[in-house]
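Okay, data24.cif now, which holds mmCIF, N, CA and C atoms:
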```cif
data_protein
loop_
_atom_site.label_atom_id
_atom_site.label_comp_id
_atom_site.auth_asym_id
_atom_site.auth_seq_id
_atom_site.Cartn_x
_atom_site.Cartn_y
_atom_site.Cartn_z
N MET A 24 16.06 29.31 0.56
CA MET A 24 17.45 29.57 0.83
C MET A 24 17.74 29.11 2.26
N ASN A 25 18.81 28.36 2.42
CA ASN A 25 19.13 27.86 3.75
C ASN A 25 20.38 28.53 4.31
N ARG A 26 20.76 28.14 5.52
CA ARG A 26 21.87 28.76 6.22
C ARG A 26 23.19 28.60 5.47
N ASP A 27 23.41 27.43 4.86
CA ASP A 27 24.67 27.21 4.14
C ASP A 27 24.79 28.14 2.94
N GLN A 28 23.70 28.41 2.26
CA GLN A 28 23.75 29.32 1.12
C GLN A 28 24.10 30.74 1.58
N ILE A 29 23.47 31.17 2.66
CA ILE A 29 23.72 32.53 3.17
C ILE A 29 25.16 32.67 3.66
N GLU A 30 25.59 31.72 4.52
CA GLU A 30 26.96 31.80 5.04
C GLU A 30 27.99 31.66 3.92
N GLY A 31 27.71 30.77 2.96
CA GLY A 31 28.64 30.60 1.83
C GLY A 31 28.74 31.87 1.00
N GLY A 32 27.63 32.53 0.78
CA GLY A 32 27.64 33.79 0.03
C GLY A 32 28.43 34.87 0.75
N PHE A 33 28.22 34.99 2.07
CA PHE A 33 28.97 35.99 2.84
C PHE A 33 30.46 35.66 2.87
N ARG A 34 30.78 34.38 3.02
CA ARG A 34 32.19 33.99 3.06
C ARG A 34 32.86 34.26 1.71
N ASN A 35 32.14 34.03 0.64
CA ASN A 35 32.67 34.30 -0.69
C ASN A 35 32.96 35.79 -0.86
N ILE A 36 32.01 36.63 -0.45
CA ILE A 36 32.19 38.08 -0.56
C ILE A 36 33.33 38.55 0.33
N ARG A 37 33.39 38.02 1.55
CA ARG A 37 34.47 38.39 2.47
C ARG A 37 35.83 37.98 1.87
N GLY A 38 35.88 36.81 1.25
CA GLY A 38 37.12 36.35 0.61
C GLY A 38 37.52 37.25 -0.55
N ARG A 39 36.56 37.70 -1.32
CA ARG A 39 36.86 38.61 -2.43
C ARG A 39 37.45 39.92 -1.89
N GLY A 40 36.84 40.39 -0.81
CA GLY A 40 37.33 41.64 -0.20
C GLY A 40 38.75 41.49 0.32
N ARG A 41 39.03 40.38 0.99
CA ARG A 41 40.38 40.16 1.53
C ARG A 41 41.39 40.01 0.39
N SER A 42 40.99 39.31 -0.67
CA SER A 42 41.89 39.16 -1.82
C SER A 42 42.19 40.53 -2.44
N ALA A 43 41.16 41.33 -2.59
CA ALA A 43 41.34 42.66 -3.18
C ALA A 43 42.22 43.53 -2.28
N LEU A 44 41.98 43.46 -0.97
CA LEU A 44 42.78 44.25 -0.02
C LEU A 44 44.24 43.79 -0.05
N GLY A 45 44.45 42.48 -0.12
CA GLY A 45 45.82 41.95 -0.20
C GLY A 45 46.50 42.38 -1.48
N ALA A 46 45.74 42.42 -2.58
CA ALA A 46 46.32 42.84 -3.86
C ALA A 46 46.67 44.32 -3.84
N VAL A 47 45.82 45.12 -3.20
CA VAL A 47 46.06 46.56 -3.15
C VAL A 47 47.27 46.86 -2.26
N THR A 48 47.36 46.17 -1.11
CA THR A 48 48.46 46.42 -0.18
C THR A 48 49.73 45.69 -0.59
N GLY A 49 49.62 44.74 -1.49
CA GLY A 49 50.80 44.01 -1.96
C GLY A 49 51.19 42.89 -1.02
N ARG A 50 50.33 42.50 -0.13
CA ARG A 50 50.63 41.43 0.83
C ARG A 50 50.04 40.12 0.30
N VAL A 51 50.85 39.09 0.31
CA VAL A 51 50.46 37.81 -0.27
C VAL A 51 49.53 37.02 0.67
N ARG A 52 49.82 37.07 1.97
CA ARG A 52 49.05 36.24 2.91
C ARG A 52 47.56 36.60 2.89
N PRO A 53 47.14 37.86 3.05
CA PRO A 53 45.71 38.18 2.99
C PRO A 53 45.10 37.84 1.63
N GLN A 54 45.89 37.96 0.61
CA GLN A 54 45.39 37.63 -0.73
C GLN A 54 45.12 36.13 -0.84
N ALA A 55 46.02 35.30 -0.32
CA ALA A 55 45.84 33.84 -0.36
C ALA A 55 44.69 33.41 0.54
N GLU A 56 44.63 34.01 1.75
CA GLU A 56 43.53 33.67 2.66
C GLU A 56 42.19 34.10 2.06
N GLY A 57 42.17 35.22 1.38
CA GLY A 57 40.96 35.69 0.72
C GLY A 57 40.53 34.74 -0.39
N ALA A 58 41.50 34.26 -1.15
CA ALA A 58 41.19 33.31 -2.23
C ALA A 58 40.64 32.00 -1.64
N PHE A 59 41.25 31.58 -0.50
CA PHE A 59 40.75 30.37 0.16
C PHE A 59 39.32 30.57 0.65
N ASP A 60 39.06 31.70 1.32
CA ASP A 60 37.69 31.97 1.81
C ASP A 60 36.70 32.07 0.65
N GLN A 61 37.15 32.65 -0.44
CA GLN A 61 36.28 32.78 -1.61
C GLN A 61 35.91 31.40 -2.14
N ALA A 62 36.88 30.51 -2.27
CA ALA A 62 36.61 29.16 -2.76
C ALA A 62 35.75 28.37 -1.77
N ALA A 63 36.08 28.49 -0.48
CA ALA A 63 35.30 27.79 0.53
C ALA A 63 33.86 28.29 0.56
N GLY A 64 33.68 29.59 0.40
CA GLY A 64 32.33 30.15 0.35
C GLY A 64 31.55 29.65 -0.85
N ALA A 65 32.20 29.54 -1.99
CA ALA A 65 31.53 29.03 -3.19
C ALA A 65 31.11 27.58 -2.99
N VAL A 66 31.99 26.80 -2.37
CA VAL A 66 31.67 25.40 -2.11
C VAL A 66 30.51 25.28 -1.12
N GLN A 67 30.54 26.09 -0.06
CA GLN A 67 29.46 26.05 0.93
C GLN A 67 28.13 26.49 0.30
N TYR A 68 28.18 27.49 -0.54
CA TYR A 68 26.97 27.94 -1.23
C TYR A 68 26.43 26.84 -2.14
N ALA A 69 27.32 26.17 -2.88
CA ALA A 69 26.90 25.07 -3.76
C ALA A 69 26.31 23.92 -2.95
N TYR A 70 26.92 23.64 -1.78
CA TYR A 70 26.37 22.61 -0.91
C TYR A 70 24.96 22.98 -0.45
N GLY A 71 24.75 24.23 -0.10
CA GLY A 71 23.41 24.67 0.31
C GLY A 71 22.39 24.52 -0.81
N ARG A 72 22.80 24.86 -2.03
CA ARG A 72 21.90 24.69 -3.18
C ARG A 72 21.58 23.22 -3.42
N ALA A 73 22.59 22.37 -3.28
CA ALA A 73 22.36 20.93 -3.46
C ALA A 73 21.42 20.41 -2.38
N ARG A 74 21.58 20.91 -1.17
CA ARG A 74 20.67 20.51 -0.08
C ARG A 74 19.24 20.92 -0.38
N ASP A 75 19.07 22.14 -0.88
CA ASP A 75 17.73 22.61 -1.26
C ASP A 75 17.15 21.74 -2.37
N ALA A 76 17.97 21.41 -3.35
CA ALA A 76 17.49 20.56 -4.46
C ALA A 76 17.10 19.19 -3.94
N ALA A 77 17.89 18.63 -3.03
CA ALA A 77 17.56 17.32 -2.46
C ALA A 77 16.25 17.39 -1.66
N ASP A 78 16.08 18.47 -0.91
CA ASP A 78 14.82 18.63 -0.16
C ASP A 78 13.63 18.74 -1.11
N ASP A 79 13.81 19.49 -2.20
CA ASP A 79 12.72 19.62 -3.18
C ASP A 79 12.39 18.27 -3.81
N LEU A 80 13.43 17.52 -4.17
CA LEU A 80 13.20 16.19 -4.75
C LEU A 80 12.51 15.26 -3.75
N HIS A 81 12.91 15.34 -2.49
CA HIS A 81 12.27 14.51 -1.46
C HIS A 81 10.79 14.87 -1.33
N ARG A 82 10.52 16.16 -1.30
CA ARG A 82 9.13 16.62 -1.19
C ARG A 82 8.31 16.19 -2.41
N ASP A 83 8.90 16.36 -3.61
CA ASP A 83 8.20 15.97 -4.83
C ASP A 83 7.96 14.46 -4.86
N GLY A 84 8.97 13.69 -4.43
CA GLY A 84 8.83 12.24 -4.41
C GLY A 84 7.74 11.81 -3.44
N ALA A 85 7.68 12.44 -2.28
CA ALA A 85 6.63 12.11 -1.31
C ALA A 85 5.27 12.46 -1.87
N HIS A 86 5.18 13.59 -2.57
CA HIS A 86 3.91 13.99 -3.18
C HIS A 86 3.49 12.98 -4.26
N LEU A 87 4.44 12.59 -5.10
CA LEU A 87 4.13 11.62 -6.16
C LEU A 87 3.72 10.27 -5.57
N MET A 88 4.38 9.87 -4.49
CA MET A 88 4.02 8.60 -3.86
C MET A 88 2.60 8.69 -3.28
N GLY A 89 2.28 9.79 -2.65
CA GLY A 89 0.92 9.98 -2.13
C GLY A 89 -0.11 9.98 -3.23
N GLU A 90 0.20 10.63 -4.35
CA GLU A 90 -0.72 10.65 -5.49
C GLU A 90 -0.91 9.25 -6.07
N ALA A 91 0.18 8.49 -6.15
CA ALA A 91 0.08 7.11 -6.66
C ALA A 91 -0.78 6.25 -5.75
N GLN A 92 -0.62 6.42 -4.45
CA GLN A 92 -1.45 5.67 -3.50
C GLN A 92 -2.91 6.05 -3.66
N HIS A 93 -3.17 7.34 -3.79
CA HIS A 93 -4.55 7.81 -3.94
C HIS A 93 -5.17 7.23 -5.21
N ARG A 94 -4.44 7.28 -6.32
CA ARG A 94 -4.97 6.75 -7.58
C ARG A 94 -5.14 5.24 -7.52
N GLY A 95 -4.21 4.56 -6.86
CA GLY A 95 -4.33 3.11 -6.72
C GLY A 95 -5.57 2.72 -5.92
N ARG A 96 -5.81 3.45 -4.84
CA ARG A 96 -7.01 3.15 -4.04
C ARG A 96 -8.29 3.44 -4.83
N ALA A 97 -8.28 4.54 -5.58
CA ALA A 97 -9.46 4.87 -6.39
C ALA A 97 -9.69 3.80 -7.45
N LEU A 98 -8.63 3.31 -8.06
CA LEU A 98 -8.76 2.26 -9.07
C LEU A 98 -9.27 0.97 -8.43
N ALA A 99 -8.76 0.62 -7.26
CA ALA A 99 -9.23 -0.59 -6.58
C ALA A 99 -10.71 -0.47 -6.23
N ASP A 100 -11.12 0.69 -5.75
CA ASP A 100 -12.53 0.90 -5.43
C ASP A 100 -13.41 0.77 -6.68
N GLU A 101 -12.94 1.35 -7.78
CA GLU A 101 -13.69 1.27 -9.03
C GLU A 101 -13.81 -0.18 -9.51
N LEU A 102 -12.73 -0.93 -9.40
CA LEU A 102 -12.77 -2.34 -9.82
C LEU A 102 -13.69 -3.16 -8.94
N GLN A 103 -13.70 -2.88 -7.65
CA GLN A 103 -14.63 -3.59 -6.76
C GLN A 103 -16.08 -3.28 -7.13
N ASP A 104 -16.36 -2.01 -7.42
CA ASP A 104 -17.71 -1.64 -7.83
C ASP A 104 -18.12 -2.35 -9.12
N ARG A 105 -17.21 -2.38 -10.09
CA ARG A 105 -17.51 -3.08 -11.34
C ARG A 105 -17.74 -4.57 -11.10
N GLY A 106 -16.92 -5.16 -10.23
CA GLY A 106 -17.09 -6.57 -9.91
C GLY A 106 -18.46 -6.85 -9.30
N ARG A 107 -18.92 -5.97 -8.43
CA ARG A 107 -20.25 -6.13 -7.83
C ARG A 107 -21.33 -6.06 -8.90
N VAL A 108 -21.18 -5.10 -9.83
CA VAL A 108 -22.16 -4.95 -10.91
C VAL A 108 -22.19 -6.20 -11.78
N TYR A 109 -21.01 -6.69 -12.19
CA TYR A 109 -20.94 -7.87 -13.05
C TYR A 109 -21.47 -9.11 -12.34
N ARG A 110 -21.17 -9.23 -11.04
CA ARG A 110 -21.68 -10.38 -10.28
C ARG A 110 -23.21 -10.33 -10.21
N GLY A 111 -23.74 -9.15 -9.94
CA GLY A 111 -25.20 -9.01 -9.89
C GLY A 111 -25.85 -9.35 -11.22
N GLU A 112 -25.22 -8.92 -12.32
CA GLU A 112 -25.75 -9.22 -13.66
C GLU A 112 -25.69 -10.72 -13.94
N ALA A 113 -24.59 -11.37 -13.53
CA ALA A 113 -24.47 -12.81 -13.75
C ALA A 113 -25.51 -13.58 -12.95
N VAL A 114 -25.73 -13.16 -11.72
CA VAL A 114 -26.75 -13.82 -10.89
C VAL A 114 -28.13 -13.62 -11.51
N ARG A 115 -28.42 -12.42 -11.97
CA ARG A 115 -29.73 -12.14 -12.58
C ARG A 115 -29.94 -12.99 -13.83
N ARG A 116 -28.93 -13.06 -14.68
CA ARG A 116 -29.07 -13.85 -15.91
C ARG A 116 -29.15 -15.35 -15.60
N GLY A 117 -28.39 -15.80 -14.62
CA GLY A 117 -28.46 -17.21 -14.23
C GLY A 117 -29.85 -17.58 -13.71
N ARG A 118 -30.44 -16.72 -12.93
CA ARG A 118 -31.79 -16.97 -12.43
C ARG A 118 -32.81 -16.97 -13.56
N ALA A 119 -32.59 -16.08 -14.55
CA ALA A 119 -33.51 -16.05 -15.70
C ALA A 119 -33.42 -17.35 -16.49
N VAL A 120 -32.21 -17.86 -16.68
CA VAL A 120 -32.04 -19.13 -17.41
C VAL A 120 -32.67 -20.27 -16.61
N ALA A 121 -32.43 -20.29 -15.29
CA ALA A 121 -33.02 -21.35 -14.46
C ALA A 121 -34.54 -21.27 -14.47
N SER A 122 -35.09 -20.08 -14.46
CA SER A 122 -36.53 -19.91 -14.50
C SER A 122 -37.10 -20.40 -15.82
N ARG A 123 -36.43 -20.06 -16.92
CA ARG A 123 -36.87 -20.49 -18.24
C ARG A 123 -36.79 -22.02 -18.36
N ALA A 124 -35.70 -22.60 -17.81
CA ALA A 124 -35.55 -24.06 -17.86
C ALA A 124 -36.63 -24.73 -17.02
N ASP A 125 -37.00 -24.11 -15.91
CA ASP A 125 -38.05 -24.68 -15.05
C ASP A 125 -39.42 -24.60 -15.72
N GLU A 126 -39.65 -23.56 -16.51
CA GLU A 126 -40.92 -23.41 -17.21
C GLU A 126 -41.06 -24.41 -18.36
N ASN A 127 -39.96 -24.75 -18.99
CA ASN A 127 -39.97 -25.65 -20.15
C ASN A 127 -39.19 -26.93 -19.80
N ARG A 128 -39.72 -27.72 -18.89
CA ARG A 128 -39.00 -28.90 -18.41
C ARG A 128 -38.77 -29.93 -19.50
N GLY A 129 -39.75 -30.14 -20.33
CA GLY A 129 -39.61 -31.15 -21.38
C GLY A 129 -38.53 -30.76 -22.38
N ALA A 130 -38.55 -29.51 -22.85
CA ALA A 130 -37.55 -29.05 -23.80
C ALA A 130 -36.16 -29.05 -23.16
N THR A 131 -36.08 -28.69 -21.88
CA THR A 131 -34.80 -28.69 -21.19
C THR A 131 -34.25 -30.10 -21.08
N LEU A 132 -35.10 -31.06 -20.73
CA LEU A 132 -34.67 -32.45 -20.62
C LEU A 132 -34.19 -32.97 -21.96
N LEU A 133 -34.93 -32.67 -23.03
CA LEU A 133 -34.54 -33.09 -24.37
C LEU A 133 -33.20 -32.46 -24.78
N LEU A 134 -33.00 -31.17 -24.47
CA LEU A 134 -31.76 -30.48 -24.80
C LEU A 134 -30.58 -31.06 -24.03
N VAL A 135 -30.76 -31.38 -22.74
CA VAL A 135 -29.68 -31.95 -21.93
C VAL A 135 -29.35 -33.35 -22.44
N ALA A 136 -30.36 -34.14 -22.80
CA ALA A 136 -30.12 -35.48 -23.31
C ALA A 136 -29.36 -35.42 -24.64
N ALA A 137 -29.73 -34.49 -25.52
CA ALA A 137 -29.04 -34.35 -26.81
C ALA A 137 -27.59 -33.93 -26.59
N ALA A 138 -27.35 -33.03 -25.65
CA ALA A 138 -25.99 -32.58 -25.37
C ALA A 138 -25.17 -33.73 -24.80
N ALA A 139 -25.75 -34.54 -23.92
CA ALA A 139 -25.03 -35.69 -23.35
C ALA A 139 -24.72 -36.72 -24.43
N PHE A 140 -25.68 -37.01 -25.32
CA PHE A 140 -25.44 -37.96 -26.40
C PHE A 140 -24.33 -37.45 -27.32
N GLY A 141 -24.39 -36.17 -27.69
CA GLY A 141 -23.37 -35.59 -28.57
C GLY A 141 -21.99 -35.64 -27.93
N ALA A 142 -21.89 -35.31 -26.65
CA ALA A 142 -20.60 -35.36 -25.96
C ALA A 142 -20.09 -36.79 -25.91
N GLY A 143 -20.98 -37.74 -25.62
CA GLY A 143 -20.58 -39.15 -25.59
C GLY A 143 -20.11 -39.63 -26.96
N TRP A 144 -20.81 -39.24 -28.01
CA TRP A 144 -20.44 -39.67 -29.36
C TRP A 144 -19.10 -39.08 -29.77
N LEU A 145 -18.84 -37.79 -29.40
CA LEU A 145 -17.57 -37.14 -29.75
C LEU A 145 -16.39 -37.69 -28.95
N LEU A 146 -16.64 -38.12 -27.73
CA LEU A 146 -15.57 -38.58 -26.85
C LEU A 146 -15.35 -40.10 -26.89
N ARG A 147 -16.13 -40.83 -27.69
CA ARG A 147 -15.97 -42.29 -27.72
C ARG A 147 -14.65 -42.67 -28.36
N ARG A 148 -14.19 -43.87 -28.05
CA ARG A 148 -12.95 -44.37 -28.66
C ARG A 148 -13.21 -44.84 -30.06
N PRO A 149 -12.31 -44.55 -30.95
CA PRO A 149 -12.49 -45.08 -32.32
C PRO A 149 -12.19 -46.60 -32.32
N ARG A 150 -12.92 -47.34 -33.10
CA ARG A 150 -12.75 -48.79 -33.12
C ARG A 150 -12.16 -49.27 -34.39
#
```
Written as structure tokens, how would this file's structure read?
Amino acid sequence: MNRDQIEGGFRNIRGRGRSALGAVTGRVRPQAEGAFDQAAGAVQYAYGRARDAADDLHRDGAHLMGEAQHRGRALADELQDRGRVYRGEAVRRGRAVASRADENRGATLLLVAAAAFGAGWLLRRPR
């Protein structure tokens, strides 16, 4: 509850009292001034509530933004970790293939020659 809500509530009550007093005494001016204060108090109270709602929304928005940043950073960290794991696995498998090719040089040479011949035959111009 903020100052506008409190002052608006008191002004509304004071306006009701003045309106009632004007009605009891039969005087129009206090009755009209009381009605004005009552309406002004209601408006001031509503303004205070709107201000509180805006503050709550601002706070909630800041919290949500902070949470989104936190989750985004956590996701980025997780993706970097996965990337490191996949890179390490690719390097390990590449070294295993290179080692196997180095152990079987003749078969590797024959396989590369067959692949080159096949690619050349597929890519030749038709005559």
Suppose you want the space between CA of Asn25 (chain A) and CA of Val66 (chain A); what is it in Å?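 Answer for the CA of Asn25 (chain A) to CA of Val66 (chain A) separation: 14.1 Å.
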Of the candidates A:Arg116, A:Gln67, A:Gly38, A:His81, which shows the shortest atom-to-atom distance to Gln54 (chain A), using only C-alpha atoms?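 Smallest separation from Gln54 (chain A) among the options: A:Gly38.
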Here CA of Gly45 (chain A) and CA of Phe33 (chain A) stand apart by 18.1 Å
Quick one: pull the distance between CA of Arg41 (chain A) and CA of Ala73 (chain A), Å, one decimal.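 CA of Arg41 (chain A) sits 26.8 Å away from CA of Ala73 (chain A).
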Put a box with edges along x, y and z around all the listed atoms of region 31-41 of chain A, pad it by 3 Å on each side, then give me its centre and sizes in Å, one decimal, as AutoDock Vina command-line options.
```
--center_x 34.5 --center_y 36.1 --center_z 0.3 --size_x 19.8 --size_y 17.0 --size_z 11.5
```
Applied to this file, what does the PyMOL selection byres (((chain A and resi 69 and name CA) around 12) and name CA) return in terms of residues, put as number ranges by chain? A: 24-32, 35, 62-68, 70-76
Here is a test: counting only C-alpha atoms, which residue of A:Asp83, A:Arg34, A:Phe140, A:Ala77 is nearest to Phe59 (chain A)?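 Nearest candidate to Phe59 (chain A) out of A:Asp83, A:Arg34, A:Phe140, A:Ala77: A:Arg34.
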Requested file, region 125-136 of chain A restricted to all heavy atoms, as a compact mmCIF listing (two decimals), in the first residue's frame:
```
# COMPACT_ATOMS: atom_id res chain seq x y z
N ASP A 125 47.29 -46.44 -41.65
CA ASP A 125 48.75 -46.55 -41.62
C ASP A 125 49.20 -48.00 -41.46
O ASP A 125 50.21 -48.42 -42.03
CB ASP A 125 49.30 -45.69 -40.48
CG ASP A 125 50.79 -45.49 -40.58
OD1 ASP A 125 51.28 -45.29 -41.72
OD2 ASP A 125 51.48 -45.52 -39.54
N GLU A 126 48.42 -48.79 -40.72
CA GLU A 126 48.76 -50.20 -40.53
C GLU A 126 48.54 -51.02 -41.79
O GLU A 126 49.25 -51.98 -42.06
CB GLU A 126 47.91 -50.78 -39.39
CG GLU A 126 48.27 -50.25 -38.02
CD GLU A 126 47.29 -50.72 -36.96
OE1 GLU A 126 46.37 -51.48 -37.28
OE2 GLU A 126 47.44 -50.29 -35.80
N ASN A 127 47.55 -50.65 -42.58
CA ASN A 127 47.19 -51.39 -43.79
C ASN A 127 47.42 -50.50 -45.01
O ASN A 127 46.49 -50.13 -45.71
CB ASN A 127 45.73 -51.84 -43.74
CG ASN A 127 45.45 -52.70 -42.54
OD1 ASN A 127 46.20 -53.63 -42.28
ND2 ASN A 127 44.40 -52.39 -41.81
N ARG A 128 48.67 -50.18 -45.30
CA ARG A 128 48.98 -49.24 -46.38
C ARG A 128 48.57 -49.76 -47.74
O ARG A 128 48.04 -49.03 -48.56
CB ARG A 128 50.48 -48.93 -46.38
CG ARG A 128 50.86 -48.07 -45.22
CD ARG A 128 52.29 -47.67 -45.29
NE ARG A 128 52.62 -46.90 -44.09
CZ ARG A 128 53.83 -46.69 -43.68
NH1 ARG A 128 54.85 -47.19 -44.35
NH2 ARG A 128 54.05 -45.98 -42.60
N GLY A 129 48.77 -51.02 -47.99
CA GLY A 129 48.43 -51.58 -49.30
C GLY A 129 46.92 -51.54 -49.54
O GLY A 129 46.46 -51.13 -50.61
N ALA A 130 46.13 -51.97 -48.56
CA ALA A 130 44.69 -51.96 -48.71
C ALA A 130 44.17 -50.52 -48.82
O ALA A 130 43.25 -50.24 -49.60
CB ALA A 130 44.03 -52.65 -47.52
N THR A 131 44.78 -49.60 -48.07
CA THR A 131 44.37 -48.21 -48.13
C THR A 131 44.65 -47.63 -49.51
O THR A 131 43.82 -46.93 -50.09
CB THR A 131 45.10 -47.38 -47.06
OG1 THR A 131 44.82 -47.93 -45.78
CG2 THR A 131 44.67 -45.93 -47.08
N LEU A 132 45.83 -47.92 -50.06
CA LEU A 132 46.18 -47.42 -51.39
C LEU A 132 45.23 -47.98 -52.44
O LEU A 132 44.77 -47.26 -53.32
CB LEU A 132 47.63 -47.81 -51.72
CG LEU A 132 48.17 -47.33 -53.06
CD1 LEU A 132 48.12 -45.81 -53.12
CD2 LEU A 132 49.58 -47.82 -53.28
N LEU A 133 44.92 -49.28 -52.35
CA LEU A 133 43.99 -49.90 -53.29
C LEU A 133 42.59 -49.28 -53.17
O LEU A 133 41.93 -48.99 -54.17
CB LEU A 133 43.91 -51.40 -53.01
CG LEU A 133 43.09 -52.23 -53.99
CD1 LEU A 133 43.68 -52.13 -55.40
CD2 LEU A 133 43.03 -53.66 -53.54
N LEU A 134 42.13 -49.01 -51.94
CA LEU A 134 40.82 -48.41 -51.72
C LEU A 134 40.76 -46.99 -52.26
O LEU A 134 39.78 -46.60 -52.91
CB LEU A 134 40.50 -48.42 -50.22
CG LEU A 134 39.11 -47.95 -49.83
CD1 LEU A 134 38.06 -48.89 -50.40
CD2 LEU A 134 39.00 -47.89 -48.32
N VAL A 135 41.83 -46.20 -52.06
CA VAL A 135 41.86 -44.82 -52.57
C VAL A 135 41.89 -44.83 -54.09
O VAL A 135 41.20 -44.03 -54.74
CB VAL A 135 43.07 -44.05 -51.98
CG1 VAL A 135 43.28 -42.74 -52.70
CG2 VAL A 135 42.86 -43.81 -50.49
N ALA A 136 42.66 -45.74 -54.69
CA ALA A 136 42.72 -45.82 -56.15
C ALA A 136 41.36 -46.22 -56.72
O ALA A 136 40.92 -45.65 -57.74
CB ALA A 136 43.79 -46.83 -56.56
```
